[in-house]
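The data block below is structure-v4.txt; it holds compact mmCIF, C-alpha atoms.
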# COMPACT_ATOMS: atom_id res chain seq x y z
CA MET A 16 -5.73 9.25 17.18
CA THR A 17 -5.00 7.44 20.43
CA ASN A 18 -1.64 7.92 22.09
CA LEU A 19 0.92 5.84 20.20
CA SER A 20 3.92 6.55 22.42
CA GLY A 21 6.25 3.57 22.50
CA LYS A 22 4.93 2.18 19.22
CA LEU A 23 7.07 1.65 16.12
CA ALA A 24 5.30 2.38 12.83
CA VAL A 25 6.65 1.61 9.35
CA VAL A 26 5.09 3.55 6.47
CA THR A 27 6.05 2.93 2.84
CA GLY A 28 5.71 5.80 0.39
CA ALA A 29 5.96 8.37 3.19
CA SER A 30 8.21 10.82 1.35
CA ASP A 31 5.26 12.73 -0.15
CA GLY A 32 1.52 12.76 -0.78
CA VAL A 33 -0.82 10.61 1.25
CA GLY A 34 2.03 8.69 2.88
CA LEU A 35 3.61 11.89 4.19
CA GLY A 36 0.29 12.88 5.74
CA ILE A 37 -0.01 9.46 7.38
CA ALA A 38 3.53 9.67 8.78
CA ARG A 39 2.82 13.17 10.10
CA ARG A 40 -0.31 12.04 11.94
CA LEU A 41 1.42 8.99 13.43
CA ALA A 42 4.35 11.10 14.62
CA ALA A 43 1.95 13.64 16.14
CA ALA A 44 0.33 10.79 18.08
CA GLY A 45 3.70 9.86 19.58
CA ALA A 46 4.71 6.91 17.41
CA GLU A 47 8.26 6.45 16.23
CA VAL A 48 7.94 6.43 12.45
CA LEU A 49 10.33 4.54 10.23
CA MET A 50 10.12 5.67 6.58
CA PRO A 51 11.57 3.28 3.95
CA VAL A 52 12.15 5.41 0.83
CA ARG A 53 13.55 5.07 -2.66
CA ASN A 54 14.76 8.68 -2.80
CA ARG A 55 16.76 9.77 0.26
CA ARG A 56 16.61 13.45 -0.69
CA LYS A 57 12.80 13.39 -0.74
CA GLY A 58 12.78 11.42 2.49
CA GLU A 59 14.96 13.96 4.27
CA ALA A 60 12.71 16.78 3.03
CA ALA A 61 9.67 14.88 4.35
CA ILE A 62 11.26 14.50 7.79
CA ALA A 63 12.12 18.22 7.85
CA SER A 64 8.51 19.05 6.94
CA ILE A 65 7.11 16.93 9.78
CA ARG A 66 9.56 18.35 12.31
CA GLN A 67 8.51 21.90 11.44
CA GLN A 68 5.16 21.05 13.05
CA HIS A 69 6.36 18.44 15.54
CA PRO A 70 9.95 19.26 16.57
CA GLY A 71 10.21 16.27 18.87
CA ALA A 72 8.99 13.71 16.33
CA ALA A 73 10.93 10.44 16.24
CA LEU A 74 11.57 9.78 12.54
CA SER A 75 14.16 7.85 10.56
CA LEU A 76 14.80 6.71 7.00
CA ARG A 77 15.66 3.32 5.54
CA ASP A 78 16.30 2.39 1.92
CA LEU A 79 13.62 0.58 -0.05
CA ASP A 80 12.79 0.15 -3.73
CA LEU A 81 9.64 -1.96 -3.97
CA SER A 82 10.37 -2.71 -7.63
CA SER A 83 13.39 -4.76 -6.53
CA LEU A 84 13.01 -7.93 -4.48
CA ALA A 85 16.70 -7.63 -3.55
CA SER A 86 15.99 -4.21 -2.03
CA VAL A 87 12.99 -5.61 -0.14
CA ALA A 88 15.12 -8.46 1.20
CA ALA A 89 17.85 -6.00 2.22
CA LEU A 90 15.39 -3.91 4.22
CA GLY A 91 14.03 -7.06 5.81
CA ALA A 92 17.54 -8.10 6.82
CA THR A 93 18.31 -4.64 8.21
CA LEU A 94 15.19 -4.46 10.35
CA THR A 95 15.57 -8.07 11.47
CA ALA A 96 19.10 -7.31 12.61
CA GLU A 97 17.81 -4.30 14.53
CA GLY A 98 15.36 -6.70 16.18
CA ARG A 99 12.66 -4.22 17.13
CA PRO A 100 9.00 -5.34 17.15
CA ILE A 101 6.84 -3.48 14.62
CA HIS A 102 3.45 -2.34 15.90
CA LEU A 103 2.03 -0.70 12.78
CA LEU A 104 2.87 -1.35 9.13
CA ILE A 105 1.14 0.81 6.53
CA ASN A 106 1.77 -0.44 2.99
CA ASN A 107 1.04 2.80 1.15
CA ALA A 108 3.58 3.24 -1.65
CA GLY A 109 2.50 2.75 -5.23
CA VAL A 110 2.92 3.56 -8.89
CA MET A 111 0.06 4.27 -11.29
CA THR A 112 -0.52 3.86 -15.04
CA PRO A 113 2.84 4.19 -16.78
CA PRO A 114 2.01 5.15 -20.40
CA SER A 115 3.85 2.10 -21.71
CA ARG A 116 4.59 -1.28 -20.17
CA GLN A 117 7.58 -1.24 -17.85
CA THR A 118 9.09 -3.96 -15.72
CA THR A 119 10.68 -4.24 -12.30
CA ALA A 120 14.25 -5.33 -11.66
CA ASP A 121 12.89 -8.89 -11.46
CA GLY A 122 10.96 -8.73 -14.73
CA PHE A 123 7.42 -8.21 -13.41
CA GLU A 124 5.03 -5.64 -14.86
CA LEU A 125 5.88 -2.52 -12.86
CA GLN A 126 2.53 -1.95 -11.14
CA PHE A 127 1.90 -5.59 -10.25
CA GLY A 128 5.52 -5.96 -9.15
CA SER A 129 5.69 -2.80 -7.03
CA ASN A 130 2.19 -2.28 -5.70
CA HIS A 131 1.50 -5.91 -4.85
CA LEU A 132 4.47 -8.27 -5.07
CA GLY A 133 6.95 -5.87 -3.44
CA HIS A 134 4.68 -5.32 -0.47
CA PHE A 135 3.79 -9.03 -0.30
CA ALA A 136 7.50 -9.88 -0.04
CA LEU A 137 8.04 -7.11 2.53
CA VAL A 138 5.36 -8.51 4.85
CA ALA A 139 6.87 -11.99 4.48
CA GLN A 140 10.33 -10.64 5.37
CA LEU A 141 9.04 -8.73 8.39
CA LEU A 142 6.62 -11.37 9.68
CA PRO A 143 8.62 -12.27 12.85
CA LEU A 144 8.84 -8.57 13.81
CA LEU A 145 5.16 -8.06 13.04
CA ARG A 146 4.23 -11.03 15.19
CA ALA A 147 6.46 -9.78 18.00
CA GLY A 148 4.66 -6.43 17.93
CA GLN A 149 1.17 -7.92 17.43
CA ALA A 150 1.07 -5.52 14.53
CA HIS A 151 -1.77 -3.83 12.73
CA VAL A 152 -1.01 -4.16 9.01
CA THR A 153 -2.81 -1.79 6.65
CA SER A 154 -2.68 -2.20 2.87
CA GLN A 155 -3.64 0.78 0.72
CA ILE A 156 -5.61 -0.15 -2.38
CA SER A 157 -7.66 2.11 -4.67
CA VAL A 158 -11.12 2.80 -6.06
CA ALA A 159 -9.62 1.17 -9.17
CA ALA A 160 -9.99 -2.18 -7.40
CA ASN A 161 -13.71 -1.84 -8.03
CA SER A 162 -13.26 -2.22 -11.79
CA ASN A 163 -11.53 -4.56 -14.26
CA ALA A 164 -10.12 -7.87 -13.00
CA ILE A 165 -7.03 -9.97 -12.39
CA ASN A 166 -5.59 -11.08 -15.71
CA TRP A 167 -4.91 -14.62 -14.49
CA ASP A 168 -3.65 -15.83 -17.88
CA ASP A 169 -1.18 -12.96 -18.29
CA LEU A 170 -0.36 -11.43 -14.90
CA ASN A 171 2.59 -9.53 -16.33
CA TRP A 172 0.68 -8.09 -19.31
CA GLU A 173 3.14 -9.48 -21.85
CA LYS A 174 0.51 -10.20 -24.51
CA SER A 175 -1.14 -6.77 -24.37
CA TYR A 176 -0.87 -3.79 -22.04
CA SER A 177 -3.41 -1.42 -20.57
CA GLY A 178 -2.01 0.86 -17.89
CA MET A 179 -5.35 1.26 -16.12
CA ARG A 180 -6.31 -2.41 -16.26
CA ALA A 181 -2.87 -3.39 -14.97
CA TYR A 182 -3.21 -0.84 -12.16
CA SER A 183 -6.62 -2.27 -11.21
CA GLN A 184 -5.14 -5.76 -11.18
CA SER A 185 -2.33 -4.71 -8.84
CA LYS A 186 -4.79 -3.20 -6.39
CA ILE A 187 -7.25 -6.11 -6.55
CA ALA A 188 -4.41 -8.53 -5.88
CA PHE A 189 -3.14 -6.38 -3.03
CA GLY A 190 -6.62 -6.14 -1.50
CA LEU A 191 -7.09 -9.90 -1.68
CA PHE A 192 -3.72 -10.31 0.02
CA GLY A 193 -4.58 -7.90 2.85
CA LEU A 194 -7.79 -9.78 3.65
CA GLU A 195 -6.12 -13.18 3.34
CA LEU A 196 -3.38 -12.06 5.72
CA ASP A 197 -5.97 -11.44 8.41
CA ARG A 198 -7.64 -14.82 7.78
CA ARG A 199 -4.32 -16.66 8.02
CA SER A 200 -3.27 -14.75 11.11
CA GLN A 201 -6.54 -15.62 12.85
CA ALA A 202 -6.29 -19.28 11.83
CA ALA A 203 -2.66 -19.70 12.90
CA GLY A 204 -2.57 -17.36 15.89
CA TRP A 205 0.05 -15.01 14.44
CA GLY A 206 -1.38 -12.12 16.46
CA ILE A 207 -1.43 -9.81 13.42
CA THR A 208 -4.44 -7.69 12.49
CA SER A 209 -4.77 -6.87 8.79
CA ASN A 210 -7.10 -4.37 7.11
CA ILE A 211 -7.35 -2.75 3.70
CA CYS A 212 -8.31 0.80 2.77
CA HIS A 213 -8.44 3.26 -0.10
CA PRO A 214 -7.73 7.00 0.00
CA GLY A 215 -10.46 8.13 -2.38
CA VAL A 216 -9.32 10.79 -4.83
CA ALA A 217 -6.75 13.41 -3.86
CA PRO A 218 -4.06 15.45 -5.63
CA THR A 219 -0.87 13.39 -5.31
CA ASN A 220 2.00 12.62 -7.65
CA LEU A 221 0.50 9.30 -8.82
CA LEU A 222 -0.86 10.95 -11.99
CA ALA A 223 1.56 13.86 -12.08
CA ALA A 224 4.66 14.17 -14.25
CA ARG A 225 6.97 11.28 -13.41
CA PRO A 226 9.82 10.86 -15.88
CA GLU A 227 10.95 7.68 -14.11
CA VAL A 228 7.77 5.94 -15.31
CA GLY A 229 7.72 7.58 -18.74
CA ARG A 230 5.29 10.43 -17.96
CA SER A 231 6.81 13.74 -19.03
CA LYS A 232 3.96 16.01 -17.89
CA ASP A 233 0.97 16.12 -15.58
CA THR A 234 -2.09 14.25 -16.78
CA PRO A 235 -5.40 16.07 -17.38
CA GLN A 236 -6.86 13.94 -14.58
CA VAL A 237 -4.47 15.25 -11.92
CA ARG A 238 -5.03 18.83 -13.03
CA LEU A 239 -8.78 18.32 -12.57
CA ILE A 240 -8.28 16.63 -9.20
CA ARG A 241 -6.16 19.55 -8.00
CA PHE A 242 -8.88 22.00 -9.01
CA LEU A 243 -11.62 20.01 -7.24
CA SER A 244 -9.51 19.54 -4.11
CA ARG A 245 -8.54 23.21 -3.99
CA HIS A 246 -12.19 24.25 -4.12
CA GLY A 247 -13.45 21.57 -1.74
CA ILE A 248 -15.51 19.79 -4.40
CA LEU A 249 -15.81 16.01 -3.82
CA ALA A 250 -12.07 15.24 -3.83
CA GLY A 251 -10.00 15.11 -0.66
CA THR A 252 -6.57 16.45 0.18
CA PRO A 253 -3.37 14.43 0.70
CA GLU A 254 -3.89 14.88 4.45
CA SER A 255 -7.56 13.87 4.53
CA ALA A 256 -6.94 10.96 2.14
CA GLY A 257 -4.75 9.35 4.79
CA GLY A 258 -7.67 9.11 7.20
CA PRO A 259 -8.90 5.68 6.05
CA ALA A 260 -5.42 4.17 6.53
CA LEU A 261 -5.17 5.61 10.03
CA LEU A 262 -8.62 4.28 10.93
CA ALA A 263 -7.72 0.89 9.46
CA ALA A 264 -4.51 0.84 11.50
CA THR A 265 -6.43 1.17 14.76
CA SER A 266 -9.45 -1.09 14.04
CA PRO A 267 -10.26 -4.81 14.31
CA GLY A 268 -9.10 -6.93 11.36
CA GLY A 269 -10.59 -8.08 8.09
CA LEU A 270 -12.24 -4.75 7.31
CA PHE A 271 -12.23 -2.23 4.45
CA PHE A 272 -12.14 1.54 4.95
CA GLY A 273 -12.41 4.58 2.71
CA PRO A 274 -13.84 8.11 2.55
CA SER A 275 -17.54 8.41 3.39
CA GLY A 276 -18.45 11.34 1.13
CA PRO A 277 -20.37 11.21 -2.18
CA GLY A 278 -18.92 8.53 -4.44
CA HIS A 279 -16.46 7.64 -1.66
CA VAL A 280 -13.86 9.95 -3.21
CA GLY A 281 -13.59 12.36 -0.26
CA GLY A 282 -14.89 12.95 3.23
CA ALA A 283 -14.40 11.48 6.67
CA PRO A 284 -13.05 7.90 6.87
CA ALA A 285 -15.51 5.08 7.51
CA GLU A 286 -15.92 1.35 6.99
CA GLN A 287 -16.91 0.50 3.40
CA LYS A 288 -18.78 -2.26 1.66
CA LEU A 289 -16.27 -4.71 0.24
CA TYR A 290 -15.78 -4.46 -3.52
CA SER A 291 -17.12 -7.48 -5.43
CA ARG A 292 -13.67 -8.30 -6.78
CA LEU A 293 -12.32 -8.71 -3.24
CA ARG A 294 -14.99 -11.07 -1.92
CA SER A 295 -13.64 -14.43 -3.11
CA PRO A 296 -11.50 -16.26 -0.51
CA GLU A 297 -10.59 -18.70 -3.30
CA ASP A 298 -9.14 -15.87 -5.40
CA ALA A 299 -7.27 -14.64 -2.33
CA ALA A 300 -5.74 -18.07 -1.71
CA ARG A 301 -4.84 -18.33 -5.39
CA ILE A 302 -3.05 -14.97 -5.57
CA TRP A 303 -1.30 -15.75 -2.28
CA THR A 304 0.16 -18.99 -3.65
CA ILE A 305 1.18 -17.36 -6.93
CA SER A 306 2.79 -14.47 -5.06
CA GLU A 307 4.87 -16.82 -2.91
CA GLN A 308 6.08 -18.56 -6.06
CA LEU A 309 6.87 -15.36 -7.96
CA THR A 310 8.68 -13.63 -5.09
CA GLY A 311 10.47 -16.69 -3.74
CA THR A 312 9.17 -15.92 -0.27
CA SER A 313 6.99 -17.99 2.00
CA PHE A 314 4.79 -17.65 5.06
CA PRO A 315 4.29 -20.39 7.65
CA ALA A 316 1.82 -23.02 6.50
CA VAL A 317 -1.71 -22.74 7.87
CA ALA A 318 -3.64 -25.95 8.30
CA THR A 319 -7.24 -24.73 8.19
CA ILE A 320 -8.65 -21.36 7.16
CA ALA A 321 -12.31 -20.41 7.43
CA ARG A 322 -13.55 -19.43 3.96

Step by step, read the file and then write its structure as structure tokens.
Amino acid sequence: MTNLSGKLAVVTGASDGVGLGIARRLAAAGAEVLMPVRNRRKGEAAIASIRQQHPGAALSLRDLDLSSLASVAALGATLTAEGRPIHLLINNAGVMTPPSRQTTADGFELQFGSNHLGHFALVAQLLPLLRAGQAHVTSQISVAANSNAINWDDLNWEKSYSGMRAYSQSKIAFGLFGLELDRRSQAAGWGITSNICHPGVAPTNLLAARPEVGRSKDTPQVRLIRFLSRHGILAGTPESAGGPALLAATSPGGLFFGPSGPGHVGGAPAEQKLYSRLRSPEDAARIWTISEQLTGTSFPAVATIAR
């Protein structure tokens, strides 16, 4: 990466997995990395891990639970009070396929509420700081955004629940948001660059045992992914899977990045063909408006957007 000395980077989900690898690479490049975390103990362990390799790394923790809009607002207020321009924001944190339907503190289906709405509200809260830093905003989606669809008639999956379909919806919505953010920034002169990316497939805790989401043991899928990753077969590693986000964070806006290997599940990062479900500017505008209403946040109005 280029020298990022003097830059402030904010990375969600940086306490382990892909996010930890991203934070490590940013710190190695000289950026000051701010890590909003839900679990302080894990966050402190992550900082200690990075400093083993980079003793002089500038790292700090803040509190954030993306499943709570109050927590998102609190972080926004804290960073606003600190008043420091943000140069890179990498929206990486996520939750995947709880076995049964769960809801956020605000009553949204957990994946839609955390993966999309929480990050949407965070960007709205931090917009003045992002504009001040002419920030590069990167939103991490998933290969799952290339299947299923947004359940427009039941966004919170109250009528029926499919963990995988709800996960796909959260990532499609988040991808549409990331692209719409760049369009609105260009139209209104916000000075923000926004890209989206996906990490491919790598052994992280998304499909591992997570009692907090009702998963008592590792899934067969994550055991297979660990085997493939360990033997260098198709899948990436948590470190390599962060490559697309880092490329996205240093590239022109409105683009989509992912691994370039077979099936786009591993390999070096590269620009990708946009998934069909992310190509509709009308869908992007629709999810943007709905997200403002659901989160109670708002962005400055934009008069005309090229679509």

Neighbour residues at most 10 Å from (15.7, 7.7, -4.4) (all atoms listed in the file) as a ChimeraX atom specification: /A:30,52-58,78-80

So which residues touch Thr119 of chain A within 8 Å, counting only C-alpha atoms, skipping near sequence neighbours fewer than 4 positions away, as a list in words?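 Final neighbour list, sorted by chain and number: Ser82, Ser83, Phe123, Glu124, Leu125, Gly128 and Ser129 of chain A.
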
Restricting the calculation to all atoms listed in the file: of A:Ala164, A:Gln308, A:Glu173, A:Leu104, which residue gets closest to Ala38 of chain A?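 Ranked by minimum distance to Ala38 of chain A, first place goes to A:Leu104.
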
Go through A:Gly257, A:Gly311, A:Gly98, A:Gly269 and flag the residue nearest Gly34 of chain A, using all atoms listed in the file for the distances. A:Gly257

Given the point (-6.8, 11.2, -2.9) in the coordinates of this file, which residues lie within 8 Å, counting all atoms listed in the file, and how would they look as a ChimeraX atom specification? /A:33,214-219,250-253,255-256,280-281

For Gly28 of chain A, which residue out of A:Pro267, A:Gly109, A:Gly71, A:Pro100 is the nearest one, using all atoms listed in the file?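 Among the listed residues, the smallest separation from Gly28 of chain A belongs to A:Gly109.
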
One number please: atom CA of Ile187 of chain A to atom CA of Gln155 of chain A, in Å, one decimal.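 Those two atoms sit 10.6 Å apart.
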
What is the atom CA of Ser64 of chain A-atom CA of Leu41 of chain A distance in Å, reported with one decimal?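 These atoms are spaced 13.9 Å apart.
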
Quick one: 8 Å padding each side, axis-aligned, all listed atoms of segment 111-116 of chain A - centre and edge lengths in Å to one decimal, as lines of an AutoDock Vina configuration file?
center_x = 2.0
center_y = 1.9
center_z = -16.5
size_x = 21.1
size_y = 22.4
size_z = 26.4

Let me make sure I understand: among A:Ser200, A:Ser162, A:Thr95, A:Gln140, which one has the smallest atom-to-atom distance to Tyr182 of chain A if we use all atoms listed in the file?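 Checking each candidate against Tyr182 of chain A, we get A:Ser162 as the closest.
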
Of the candidates A:Arg238, A:Arg198, A:Arg39, A:Arg322, which shows the shortest atom-to-atom distance to Ile62 of chain A, using all atoms listed in the file?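 Of A:Arg238, A:Arg198, A:Arg39, A:Arg322, the one nearest Ile62 of chain A is A:Arg39, counting all atoms listed in the file.
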
Could you check the closest approach to Pro114 of chain A for each of A:Met179, A:Ile320, A:Ala96, A:Val158 and tell me which residue wins, using all atoms listed in the file? A:Met179

Test item: residues at most 12 Å from Glu286 of chain A, only C-alpha atoms, excluding those fewer than 5 positions along its chain, as a PyMOL selection string: chain A and resi 210-213+258-263+266-276+279

Atomic separation - atom CA of Leu289 of chain A relative to atom CA of Thr310 of chain A, Å: 27.0 Å
